[in-house]
$ cat protein-v7.pdb   # PDB, C-alpha atoms
ATOM      1  CA  GLY A   1     -64.449 -25.415 -85.528
ATOM      2  CA  ILE A   2     -64.107 -25.926 -89.274
ATOM      3  CA  CYS A   3     -62.529 -28.658 -91.436
ATOM      4  CA  LEU A   4     -63.005 -31.573 -89.035
ATOM      5  CA  GLU A   5     -62.917 -33.998 -91.974
ATOM      6  CA  ARG A   6     -60.412 -34.675 -94.766
ATOM      7  CA  LEU A   7     -59.444 -31.461 -96.538
ATOM      8  CA  LYS A   8     -60.875 -30.804 -99.995
ATOM      9  CA  GLN A   9     -59.195 -28.177-102.202
ATOM     10  CA  PRO A  10     -56.994 -27.071 -99.281
ATOM     11  CA  VAL A  11     -55.888 -23.476 -98.829
ATOM     12  CA  THR A  12     -52.739 -22.685 -96.868
ATOM     13  CA  LEU A  13     -52.919 -19.387 -94.989
ATOM     14  CA  GLU A  14     -49.839 -17.328 -95.791
ATOM     15  CA  GLY A  15     -49.762 -15.635 -92.405
ATOM     16  CA  CYS A  16     -49.688 -18.719 -90.189
ATOM     17  CA  GLY A  17     -49.445 -21.784 -92.440
ATOM     18  CA  HIS A  18     -52.647 -23.461 -91.237
ATOM     19  CA  MET A  19     -54.713 -25.287 -93.851
ATOM     20  CA  PHE A  20     -58.470 -25.409 -94.436
ATOM     21  CA  CYS A  21     -60.878 -26.456 -97.186
ATOM     22  CA  HIS A  22     -61.515 -23.626 -99.629
ATOM     23  CA  SER A  23     -65.295 -23.993 -99.287
ATOM     24  CA  CYS A  24     -65.168 -24.176 -95.470
ATOM     25  CA  LEU A  25     -62.986 -21.099 -95.264
ATOM     26  CA  ARG A  26     -65.192 -19.205 -97.725
ATOM     27  CA  ASN A  27     -68.374 -20.038 -95.770
ATOM     28  CA  TYR A  28     -66.617 -19.112 -92.534
ATOM     29  CA  GLN A  29     -65.701 -15.702 -93.949
ATOM     30  CA  ASN A  30     -69.196 -15.156 -95.330
ATOM     31  CA  PHE A  31     -70.635 -15.829 -91.868
ATOM     32  CA  SER A  32     -68.094 -13.577 -90.173
ATOM     33  CA  PRO A  33     -66.338 -11.117 -92.540
ATOM     34  CA  ASN A  34     -63.784 -10.128 -89.871
ATOM     35  CA  ALA A  35     -63.010 -13.723 -88.928
ATOM     36  CA  THR A  36     -59.493 -14.786 -87.969
ATOM     37  CA  CYS A  37     -57.747 -18.165 -88.187
ATOM     38  CA  PRO A  38     -59.697 -20.618 -85.979
ATOM     39  CA  PHE A  39     -56.422 -22.085 -84.689
ATOM     40  CA  CYS A  40     -54.235 -19.068 -83.927
ATOM     41  CA  ARG A  41     -56.413 -15.976 -84.628
ATOM     42  CA  ALA A  42     -54.091 -14.711 -87.366
ATOM     43  CA  GLN A  43     -55.627 -12.409 -89.953
ATOM     44  CA  LEU A  44     -57.391 -14.257 -92.782
ATOM     45  CA  PRO A  45     -56.953 -13.238 -96.440
ATOM     46  CA  ASP A  46     -59.940 -12.970 -98.760
ATOM     47  CA  VAL A  47     -60.041 -16.624 -99.794
ATOM     48  CA  ASP A  48     -61.626 -15.967-103.198
ATOM     49  CA  GLN A  49     -59.171 -13.192-104.003
ATOM     50  CA  HIS A  50     -56.362 -15.497-102.908
ATOM     51  CA  SER A  51     -57.471 -18.097-105.492
ATOM     52  CA  LEU A  52     -57.929 -15.468-108.195
ATOM     53  CA  ASP A  53     -54.446 -14.080-107.507
ATOM     54  CA  ARG A  54     -52.918 -17.555-107.776
ATOM     55  CA  ALA A  55     -54.862 -18.186-110.986
ATOM     56  CA  SER A  56     -53.549 -14.896-112.401
ATOM     57  CA  MET A  57     -49.994 -15.902-111.473
ATOM     58  CA  HIS A  58     -50.276 -19.252-113.297
ATOM     59  CA  THR A  59     -51.952 -17.557-116.282
ATOM     60  CA  ALA A  60     -49.153 -14.992-116.561
ATOM     61  CA  ARG A  61     -46.599 -17.803-116.554
ATOM     62  CA  ALA A  62     -48.561 -19.714-119.204
ATOM     63  CA  GLN A  63     -48.480 -16.730-121.563
ATOM     64  CA  LYS A  64     -44.663 -16.713-121.501
ATOM     65  CA  ILE A  65     -44.140 -20.390-122.348
ATOM     66  CA  SER A  66     -45.492 -23.043-124.699
ATOM     67  CA  GLY A  67     -46.153 -26.744-125.048
ATOM     68  CA  ALA A  68     -46.752 -29.042-122.109
ATOM     69  CA  GLU A  69     -45.481 -26.494-119.575
ATOM     70  CA  LYS A  70     -48.026 -23.950-120.779
ATOM     71  CA  GLN A  71     -50.850 -26.465-120.501
ATOM     72  CA  ALA A  72     -49.702 -27.401-116.993
ATOM     73  CA  GLN A  73     -49.836 -23.772-115.852
ATOM     74  CA  CYS A  74     -53.295 -23.378-117.400
ATOM     75  CA  GLU A  75     -54.499 -26.479-115.549
ATOM     76  CA  LEU A  76     -53.222 -25.050-112.263
ATOM     77  CA  ALA A  77     -54.987 -21.758-112.989
ATOM     78  CA  LEU A  78     -58.244 -23.544-113.844
ATOM     79  CA  ALA A  79     -58.033 -25.525-110.610
ATOM     80  CA  GLU A  80     -57.815 -22.282-108.608
ATOM     81  CA  VAL A  81     -60.904 -20.688-110.185
ATOM     82  CA  GLN A  82     -62.793 -23.971-109.941
ATOM     83  CA  LYS A  83     -62.445 -23.771-106.156
ATOM     84  CA  ILE A  84     -64.620 -20.654-106.295
ATOM     85  CA  LEU A  85     -67.067 -21.983-108.889
ATOM     86  CA  ASP A  86     -67.636 -25.202-106.913
ATOM     87  CA  VAL A  87     -69.013 -23.066-104.076
ATOM     88  CA  ASP A  88     -70.720 -20.418-106.229
ATOM     89  CA  PRO A  89     -71.210 -21.267-109.939
ATOM     90  CA  THR A  90     -72.519 -17.726-110.518
ATOM     91  CA  ASP A  91     -69.336 -15.964-109.367
ATOM     92  CA  LEU A  92     -68.752 -13.540-112.247
ATOM     93  CA  ARG A  93     -65.048 -12.911-111.628
ATOM     94  CA  ALA A  94     -64.183 -16.612-111.493
ATOM     95  CA  GLY A  95     -66.325 -17.411-114.538
ATOM     96  CA  HIS A  96     -64.681 -14.643-116.536
ATOM     97  CA  MET A  97     -61.177 -15.743-115.558
ATOM     98  CA  ARG A  98     -62.006 -19.359-116.424
ATOM     99  CA  ALA A  99     -63.034 -18.267-119.934
ATOM    100  CA  GLU A 100     -59.790 -16.298-120.354
ATOM    101  CA  ILE A 101     -57.678 -19.270-119.227
ATOM    102  CA  LEU A 102     -59.445 -21.600-121.665
ATOM    103  CA  LEU A 103     -58.695 -19.143-124.483
ATOM    104  CA  ILE A 104     -55.014 -18.963-123.509
ATOM    105  CA  ALA A 105     -54.893 -22.769-123.277
ATOM    106  CA  GLY A 106     -56.091 -23.006-126.887
ATOM    107  CA  ASP A 107     -59.501 -24.492-126.102
ATOM    108  CA  ALA A 108     -61.397 -21.952-128.190
ATOM    109  CA  GLU A 109     -64.667 -23.897-128.288
ATOM    110  CA  SER A 110     -64.879 -24.143-124.489
ATOM    111  CA  ALA A 111     -63.795 -20.507-124.199
ATOM    112  CA  VAL A 112     -66.654 -19.409-126.480
ATOM    113  CA  THR A 113     -69.161 -21.316-124.344
ATOM    114  CA  ALA A 114     -67.689 -19.871-121.141
ATOM    115  CA  PHE A 115     -67.626 -16.263-122.404
ATOM    116  CA  LYS A 116     -71.246 -16.539-123.591
ATOM    117  CA  ALA A 117     -72.306 -17.853-120.173
ATOM    118  CA  VAL A 118     -70.506 -14.986-118.433
ATOM    119  CA  LEU A 119     -72.107 -12.390-120.717
ATOM    120  CA  GLU A 120     -75.547 -13.901-120.119
ATOM    121  CA  LEU A 121     -74.998 -13.887-116.350
ATOM    122  CA  ASN A 122     -73.806 -10.279-116.443
ATOM    123  CA  SER A 123     -76.901  -9.246-118.407
ATOM    124  CA  SER A 124     -79.171 -11.019-115.925
ATOM    125  CA  ASN A 125     -77.385  -9.419-112.965
ATOM    126  CA  GLN A 126     -77.617  -6.001-114.630
ATOM    127  CA  ASN A 127     -81.394  -6.435-114.975
ATOM    128  CA  VAL A 128     -81.668  -7.304-111.277
ATOM    129  CA  GLN A 129     -79.596  -4.250-110.341
ATOM    130  CA  ASP A 130     -81.823  -2.032-112.487
ATOM    131  CA  GLU A 131     -84.935  -3.441-110.834
ATOM    132  CA  ARG A 132     -83.479  -2.869-107.369
ATOM    133  CA  ARG A 133     -82.625   0.734-108.255
ATOM    134  CA  GLN A 134     -86.200   1.286-109.413
ATOM    135  CA  ILE A 135     -87.592  -0.132-106.167
ATOM    136  CA  LEU A 136     -85.224   2.036-104.127
ATOM    137  CA  ALA A 137     -86.320   5.131-106.094
ATOM    138  CA  GLN A 138     -89.956   4.225-105.430
ATOM    139  CA  ALA A 139     -89.201   3.821-101.723
ATOM    140  CA  ASP A 140     -87.516   7.235-101.608
ATOM    141  CA  ALA A 141     -90.532   8.762-103.330
ATOM    142  CA  ALA A 142     -92.893   7.093-100.847
ATOM    143  CA  PHE A 143     -90.881   8.438 -97.878
ATOM    144  CA  ALA A 144     -90.915  11.917 -99.421
ATOM    145  CA  ALA A 145     -94.688  11.680 -99.865
ATOM    146  CA  GLY A 146     -95.162  10.614 -96.243
ATOM    147  CA  ASP A 147     -96.328   7.094 -97.135
ATOM    148  CA  ASP A 148     -94.192   5.240 -94.593
ATOM    149  CA  ASP A 149     -96.077   1.953 -94.948
ATOM    150  CA  GLU A 150     -95.420   1.761 -98.699
ATOM    151  CA  ALA A 151     -91.799   2.786 -98.194
ATOM    152  CA  ASP A 152     -91.323   0.084 -95.555
ATOM    153  CA  ARG A 153     -92.915  -2.512 -97.840
ATOM    154  CA  LEU A 154     -90.558  -1.634-100.667
ATOM    155  CA  MET A 155     -87.491  -1.658 -98.411
ATOM    156  CA  THR A 156     -88.532  -5.071 -97.095
ATOM    157  CA  MET A 157     -88.672  -6.309-100.690
ATOM    158  CA  LEU A 158     -85.086  -5.173-101.186
ATOM    159  CA  GLU A 159     -83.902  -6.824 -97.971
ATOM    160  CA  GLN A 160     -85.605 -10.102 -98.826
ATOM    161  CA  GLY A 161     -83.968 -10.061-102.231
ATOM    162  CA  GLY A 162     -80.525 -10.334-100.637
ATOM    163  CA  ALA A 163     -77.378  -8.617-101.810
ATOM    164  CA  SER A 164     -77.330  -6.995-105.222
ATOM    165  CA  PRO A 165     -75.597  -9.281-107.763
ATOM    166  CA  LYS A 166     -72.300  -8.173-109.257
ATOM    167  CA  VAL A 167     -71.737  -7.011-112.818
ATOM    168  CA  PHE A 168     -68.541  -6.455-114.815
ATOM    169  CA  ALA A 169     -66.091  -4.065-113.227
ATOM    170  CA  GLY A 170     -65.576  -1.003-115.394
ATOM    171  CA  GLY A 171     -69.118  -0.897-116.788
ATOM    172  CA  LYS A 172     -69.204  -0.563-120.562
ATOM    173  CA  GLN A 173     -65.453  -1.000-120.830
ATOM    174  CA  GLY A 174     -65.555  -4.323-118.976
ATOM    175  CA  LEU A 175     -68.446  -5.486-121.149
ATOM    176  CA  LEU A 176     -66.644  -4.469-124.350
ATOM    177  CA  GLU A 177     -63.444  -6.212-123.280
ATOM    178  CA  THR A 178     -65.349  -9.459-122.684
ATOM    179  CA  LYS A 179     -67.097  -9.255-126.058
ATOM    180  CA  LEU A 180     -63.777  -8.716-127.820
ATOM    181  CA  LYS A 181     -62.328 -11.790-126.100
ATOM    182  CA  LEU A 182     -65.364 -13.793-127.191
ATOM    183  CA  ALA A 183     -64.803 -12.599-130.758
ATOM    184  CA  ALA A 184     -61.134 -13.612-130.501
ATOM    185  CA  ALA A 185     -62.194 -17.109-129.428
ATOM    186  CA  GLN A 186     -64.637 -17.279-132.339
ATOM    187  CA  GLN A 187     -61.810 -16.294-134.688
ATOM    188  CA  ASP A 188     -59.636 -19.060-133.250
ATOM    189  CA  MET A 189     -62.439 -21.430-134.271
ATOM    190  CA  SER A 190     -62.533 -19.820-137.754
ATOM    191  CA  ASP A 191     -66.147 -18.851-137.070
ATOM    192  CA  TRP A 192     -65.782 -15.637-139.030
ATOM    193  CA  GLU A 193     -69.516 -15.035-139.403
ATOM    194  CA  ALA A 194     -70.149 -15.157-135.650
ATOM    195  CA  ALA A 195     -67.129 -12.930-134.958
ATOM    196  CA  MET A 196     -68.255 -10.317-137.478
ATOM    197  CA  GLU A 197     -71.814 -10.374-136.132
ATOM    198  CA  LEU A 198     -70.416  -9.634-132.678
ATOM    199  CA  TYR A 199     -68.103  -6.902-133.986
ATOM    200  CA  MET A 200     -70.992  -5.211-135.824
ATOM    201  CA  SER A 201     -73.130  -5.312-132.668
ATOM    202  CA  ILE A 202     -70.308  -3.524-130.839
ATOM    203  CA  VAL A 203     -70.141  -0.884-133.581
ATOM    204  CA  ARG A 204     -73.899  -0.353-133.238
ATOM    205  CA  ASP A 205     -73.542   0.010-129.457
ATOM    206  CA  MET A 206     -70.733   2.498-130.022
ATOM    207  CA  GLY A 207     -72.860   4.757-132.218
ATOM    208  CA  ASP A 208     -71.425   8.257-132.305
ATOM    209  CA  ASP A 209     -69.566   7.846-129.006
ATOM    210  CA  HIS A 210     -65.957   8.055-130.182
ATOM    211  CA  THR A 211     -64.689   7.488-126.620
ATOM    212  CA  TYR A 212     -66.577   4.191-126.218
ATOM    213  CA  GLY A 213     -64.353   1.641-124.477
ATOM    214  CA  GLY A 214     -61.211   3.722-124.807
ATOM    215  CA  PRO A 215     -58.527   3.788-127.532
ATOM    216  CA  LYS A 216     -56.923   0.409-126.771
ATOM    217  CA  LEU A 217     -60.155  -1.580-126.976
ATOM    218  CA  GLN A 218     -61.292   0.354-130.040
ATOM    219  CA  LEU A 219     -58.001  -0.531-131.736
ATOM    220  CA  LYS A 220     -58.567  -4.223-130.953
ATOM    221  CA  LEU A 221     -62.029  -3.895-132.479
ATOM    222  CA  TRP A 222     -60.697  -2.412-135.745
ATOM    223  CA  MET A 223     -57.912  -4.990-135.939
ATOM    224  CA  GLY A 224     -60.321  -7.850-135.326
ATOM    225  CA  MET A 225     -62.710  -6.597-137.992
ATOM    226  CA  THR A 226     -59.838  -6.177-140.455
ATOM    227  CA  ARG A 227     -58.824  -9.793-140.028
ATOM    228  CA  VAL A 228     -62.397 -11.073-140.434
ATOM    229  CA  PHE A 229     -62.863  -9.023-143.616
ATOM    230  CA  PHE A 230     -59.611 -10.498-144.936
ATOM    231  CA  GLU A 231     -60.554 -14.070-144.040
ATOM    232  CA  THR A 232     -63.950 -13.697-145.715
ATOM    233  CA  GLY A 233     -62.493 -12.199-148.905
ATOM    234  CA  GLU A 234     -63.794  -8.640-148.394
ATOM    235  CA  TYR A 235     -60.400  -7.096-149.090
ATOM    236  CA  GLU A 236     -61.475  -3.563-149.949
ATOM    237  CA  ARG A 237     -63.516  -3.293-146.756
ATOM    238  CA  ALA A 238     -60.495  -4.509-144.770
ATOM    239  CA  ILE A 239     -58.178  -1.953-146.394
ATOM    240  CA  CYS A 240     -60.380   1.123-146.541
ATOM    241  CA  GLY A 241     -62.445   0.538-143.384
ATOM    242  CA  PRO A 242     -61.197  -0.749-140.032
ATOM    243  CA  GLY A 243     -57.689  -1.419-141.381
ATOM    244  CA  SER A 244     -56.976   2.208-142.159
ATOM    245  CA  MET A 245     -58.720   3.309-138.957
ATOM    246  CA  GLY A 246     -56.525   1.036-136.858
ATOM    247  CA  ILE A 247     -53.306   2.255-138.466
ATOM    248  CA  ALA A 248     -54.385   5.884-138.091
ATOM    249  CA  MET A 249     -55.168   5.263-134.418
ATOM    250  CA  ASN A 250     -51.806   3.688-133.535
ATOM    251  CA  ARG A 251     -49.330   2.648-136.223
ATOM    252  CA  HIS A 252     -46.934   1.352-133.545
ATOM    253  CA  TYR A 253     -49.299  -1.337-132.219
ATOM    254  CA  PRO A 254     -48.100  -4.923-132.897
ATOM    255  CA  GLY A 255     -49.882  -6.489-135.866
ATOM    256  CA  VAL A 256     -51.898  -3.447-136.894
ATOM    257  CA  HIS A 257     -50.573  -3.499-140.500
ATOM    258  CA  LYS A 258     -50.627  -7.258-141.109
ATOM    259  CA  TYR A 259     -54.101  -7.929-142.476
ATOM    260  CA  VAL A 260     -54.136  -4.674-144.426
ATOM    261  CA  ALA A 261     -50.980  -5.803-146.253
ATOM    262  CA  LEU A 262     -52.395  -9.306-146.785
ATOM    263  CA  SER A 263     -55.651  -7.840-148.111
ATOM    264  CA  GLU A 264     -53.722  -5.636-150.543
ATOM    265  CA  LYS A 265     -51.749  -8.664-151.691
ATOM    266  CA  ALA A 266     -54.925 -10.766-152.083
ATOM    267  CA  SER A 267     -56.567  -8.000-154.105
ATOM    268  CA  GLY A 268     -53.606  -8.032-156.516
ATOM    269  CA  ASP A 269     -51.802  -4.861-155.419
ATOM    270  CA  LEU A 270     -48.360  -6.135-154.412
ATOM    271  CA  THR A 271     -46.886  -2.641-154.524
ATOM    272  CA  ALA A 272     -49.339  -1.392-151.893
ATOM    273  CA  ALA A 273     -48.824  -4.551-149.825
ATOM    274  CA  ILE A 274     -45.033  -4.053-149.819
ATOM    275  CA  ARG A 275     -45.472  -0.408-148.844
ATOM    276  CA  THR A 276     -47.743  -1.369-145.920
ATOM    277  CA  ALA A 277     -45.421  -4.179-144.786
ATOM    278  CA  SER A 278     -42.463  -1.785-144.963
ATOM    279  CA  ARG A 279     -44.307   0.615-142.670
ATOM    280  CA  ALA A 280     -44.966  -2.282-140.297
ATOM    281  CA  VAL A 281     -41.215  -2.961-140.140
ATOM    282  CA  LEU A 282     -40.489   0.738-139.655
ATOM    283  CA  TYR A 283     -43.136   1.666-137.081
ATOM    284  CA  GLU A 284     -44.496  -1.348-135.232
ATOM    285  CA  ALA A 285     -43.382  -2.254-131.709
ATOM    286  CA  PRO A 286     -39.571  -1.925-131.884
ATOM    287  CA  TRP A 287     -39.487  -3.433-128.373
ATOM    288  CA  ASP A 288     -41.096  -6.701-129.568
ATOM    289  CA  PRO A 289     -38.532  -8.963-131.324
ATOM    290  CA  ASP A 290     -41.126 -11.604-132.276
ATOM    291  CA  ASN A 291     -43.346  -9.030-133.954
ATOM    292  CA  LYS A 292     -40.345  -7.493-135.748
ATOM    293  CA  ALA A 293     -39.328 -10.913-137.055
ATOM    294  CA  GLU A 294     -42.861 -11.606-138.286
ATOM    295  CA  ASN A 295     -43.036  -8.252-140.081
ATOM    296  CA  HIS A 296     -39.644  -8.786-141.742
ATOM    297  CA  ALA A 297     -40.733 -12.260-142.869
ATOM    298  CA  LEU A 298     -43.932 -10.856-144.376
ATOM    299  CA  LEU A 299     -42.063  -8.069-146.169
ATOM    300  CA  ASN A 300     -39.425 -10.454-147.550
ATOM    301  CA  ASP A 301     -42.113 -12.835-148.764
ATOM    302  CA  LEU A 302     -43.952 -10.020-150.566
ATOM    303  CA  ILE A 303     -40.746  -8.752-152.183
ATOM    304  CA  ALA A 304     -39.892 -12.292-153.309
ATOM    305  CA  GLN A 305     -43.330 -12.660-154.870
ATOM    306  CA  ARG A 306     -42.943  -9.340-156.663
ATOM    307  CA  ASP A 307     -39.490 -10.289-157.999
ATOM    308  CA  GLU A 308     -40.715 -13.721-159.057
ATOM    309  CA  SER A 309     -43.690 -12.162-160.810
ATOM    310  CA  GLY A 310     -41.373  -9.710-162.590
ATOM    311  CA  SER A 311     -39.013 -12.432-163.763
ATOM    312  CA  VAL A 312     -41.903 -14.530-165.093
ATOM    313  CA  THR A 313     -43.261 -11.513-166.945
ATOM    314  CA  ALA A 314     -39.830 -10.767-168.414
TER     315      ALA A 314
END

$ encode --input "protein-v7.pdb" --output "C-alpha cells"
Amino acid sequence: GICLERLKQPVTLEGCGHMFCHSCLRNYQNFSPNATCPFCRAQLPDVDQHSLDRASMHTARAQKISGAEKQAQCELALAEVQKILDVDPTDLRAGHMRAEILLIAGDAESAVTAFKAVLELNSSNQNVQDERRQILAQADAAFAAGDDDEADRLMTMLEQGGASPKVFAGGKQGLLETKLKLAAAQQDMSDWEAAMELYMSIVRDMGDDHTYGGPKLQLKLWMGMTRVFFETGEYERAICGPGSMGIAMNRHYPGVHKYVALSEKASGDLTAAIRTASRAVLYEAPWDPDNKAENHALLNDLIAQRDESGSVTA
C-alpha cells in the first residue's frame, strides 16, 4: 500500500475522493503508469498534470484581481507547482510555471532567477537530446553496415542513459516566449540594459526568418524594445525602429502606441505625440475598457501640455 504515514501535500482524487501524498502518488504512477486507486481501483489522474491544472486555475484568478486576494491566489498556485518540484527539481513544466507565477505576483527579482534557471535547464536538456539523436544515428548506421556488436553497444548506451529529458513545448516558439517573459521581468526591475541585451540576442536569432516565433510574439518583442529605448532615452530608435514596426504589425493591440507617443513627447514633438495618442484611442482594443481609459488619459495629458505651452508662449 501507499501513504501509511501522515499525509504530506495531500491530493484528493476527483473520481473517488481518496487522499494520498503527492509524492507517493507520483512514485506509484511512475512505477505503474496504468495504476488505479489502491483503495477502490478507480482511474487515477496524472498527478503532475492535476497540480499544474490547479496552479493554472489559481493563476488565472490572480490575474483578474489585485491586492491581498491576488497574492493569496499566487501562493496557492506556487504551492501546487512546489509539490512537483519537491519530487523532481528539474521538472521543466513546473519550473516554468513557477517563474510565471512569481512574475504575476510582482516578485520580479525571483522571477528573473527562476526564468534563467529554466532556460539553462532547457539548454542542457536540448544538448542531451542532440547527443542521444547522434548516438541513435550511429547505431542505425552500424546496423546498416552489418556491425551488430557496435549497434548493440550504442543502443545499450541509450538505454543506460534513461529517458530523454524534456525541452520546451513548441520548440523555438516556446523558447522565445520564455525569453520574452524573462525580459518582461527584467523590465519590472528597471534593468533596461539586461532586457535590451536579451532582446538583441532574440533579433540575432531571428535573422532573416520573418516567421520566427509567430506574429504575436514578434509584436511583444517590438513593443518591449520600444519601451526599453524610451526608458534609456533613445527616442528616435524607439519611434523609427521597433515602435513603427509594432504599429504596422497590429495597430489594434493594447499598448502598441504608448511608448511611441511618449518618445515623441520626450523628443519635443508634441504634435506627433498627440497624433499617435489619437490613433491609440481610435484603433486600440475597443473591447478593453482599461486600455481605452489609459489611452484617453494619455491623449488628454498631451493636449493639456500643448495648450499650456501655447498659453505660456502667447

$ resolve_selection --input "protein-v7.pdb" --expression "the PyMOL selection byres ((chain A and resi 174-182) around 10)" --output "count of residues only"
45

$ residues_around --input "protein-v7.pdb" --residues "Leu282 in chain A" --least-positions-apart "5" --cutoff "10 Å" --atoms "all atoms listed in the file" --output "ChimeraX atom specification"
/A:251-252,276-277,292,295-296

$ atom_distance --input "protein-v7.pdb" --atom1 "CA of Asn125 in chain A" --atom2 "CA of Asp140 in chain A"
22.6 Å

$ atom_distance --input "protein-v7.pdb" --atom1 "CA of Met196 in chain A" --atom2 "CA of Met225 in chain A"
6.7 Å

$ resolve_selection --input "protein-v7.pdb" --expression "the PyMOL selection byres ((chain A and resi 74-87) around 9)" --output "MDAnalysis selection string"
chainID A and resid 9 22:23 26:27 47:48 50:59 61:62 69:73 88:91 93:95 97:98 101:102 104:105

$ closest_residue --input "protein-v7.pdb" --among "A:Ala273, A:Lys166, A:Phe229, A:Gly146" --to "Met200 in chain A" --atoms "all atoms listed in the file"
A:Phe229

$ atom_distance --input "protein-v7.pdb" --atom1 "CA of Val203 in chain A" --atom2 "CA of Met245 in chain A"
13.3 Å

$ closest_residue --input "protein-v7.pdb" --among "A:Ile303, A:Ala144, A:Val228, A:Ile135" --to "Gly161 in chain A" --atoms "all atoms listed in the file"
A:Ile135

$ closest_residue --input "protein-v7.pdb" --among "A:Val260, A:Ala145, A:Ala68, A:Leu13" --to "Glu231 in chain A" --atoms "all atoms listed in the file"
A:Val260

$ decode --input "protein-v7.pdb" --residues "range 117-136 of chain A" --atoms "N, CA and C atoms" --output "compact mmCIF listing (two decimals), in the first residue's frame"
# COMPACT_ATOMS: atom_id res chain seq x y z
N ALA A 117 17.03 29.98 -14.64
CA ALA A 117 17.27 28.57 -14.31
C ALA A 117 16.55 27.65 -15.29
N VAL A 118 15.33 28.02 -15.66
CA VAL A 118 14.56 27.21 -16.61
C VAL A 118 15.21 27.21 -17.98
N LEU A 119 15.68 28.38 -18.43
CA LEU A 119 16.36 28.46 -19.72
C LEU A 119 17.65 27.64 -19.73
N GLU A 120 18.38 27.69 -18.62
CA GLU A 120 19.62 26.91 -18.53
C GLU A 120 19.33 25.41 -18.56
N LEU A 121 18.28 25.00 -17.83
CA LEU A 121 17.89 23.59 -17.82
C LEU A 121 17.45 23.15 -19.20
N ASN A 122 16.67 23.97 -19.88
CA ASN A 122 16.22 23.63 -21.24
C ASN A 122 17.40 23.46 -22.19
N SER A 123 18.39 24.36 -22.08
CA SER A 123 19.57 24.26 -22.93
C SER A 123 20.34 22.98 -22.67
N SER A 124 20.48 22.63 -21.38
CA SER A 124 21.17 21.40 -21.02
C SER A 124 20.43 20.17 -21.55
N ASN A 125 19.10 20.17 -21.38
CA ASN A 125 18.29 19.05 -21.87
C ASN A 125 18.35 18.94 -23.39
N GLN A 126 18.39 20.10 -24.07
CA GLN A 126 18.48 20.09 -25.53
C GLN A 126 19.80 19.47 -25.99
N ASN A 127 20.88 19.76 -25.27
CA ASN A 127 22.19 19.17 -25.59
C ASN A 127 22.16 17.65 -25.42
N VAL A 128 21.50 17.19 -24.35
CA VAL A 128 21.39 15.74 -24.13
C VAL A 128 20.57 15.10 -25.24
N GLN A 129 19.47 15.74 -25.62
CA GLN A 129 18.66 15.20 -26.72
C GLN A 129 19.45 15.11 -28.01
N ASP A 130 20.24 16.15 -28.29
CA ASP A 130 21.06 16.15 -29.51
C ASP A 130 22.08 15.01 -29.49
N GLU A 131 22.69 14.81 -28.32
CA GLU A 131 23.66 13.72 -28.19
C GLU A 131 22.99 12.36 -28.40
N ARG A 132 21.81 12.20 -27.84
CA ARG A 132 21.09 10.92 -27.99
C ARG A 132 20.70 10.68 -29.45
N ARG A 133 20.31 11.75 -30.15
CA ARG A 133 19.99 11.59 -31.57
C ARG A 133 21.23 11.18 -32.37
N GLN A 134 22.37 11.74 -32.02
CA GLN A 134 23.61 11.37 -32.71
C GLN A 134 23.96 9.90 -32.48
N ILE A 135 23.80 9.45 -31.23
CA ILE A 135 24.09 8.04 -30.92
C ILE A 135 23.13 7.12 -31.66
N LEU A 136 21.85 7.51 -31.71
CA LEU A 136 20.87 6.69 -32.42
C LEU A 136 21.20 6.61 -33.91
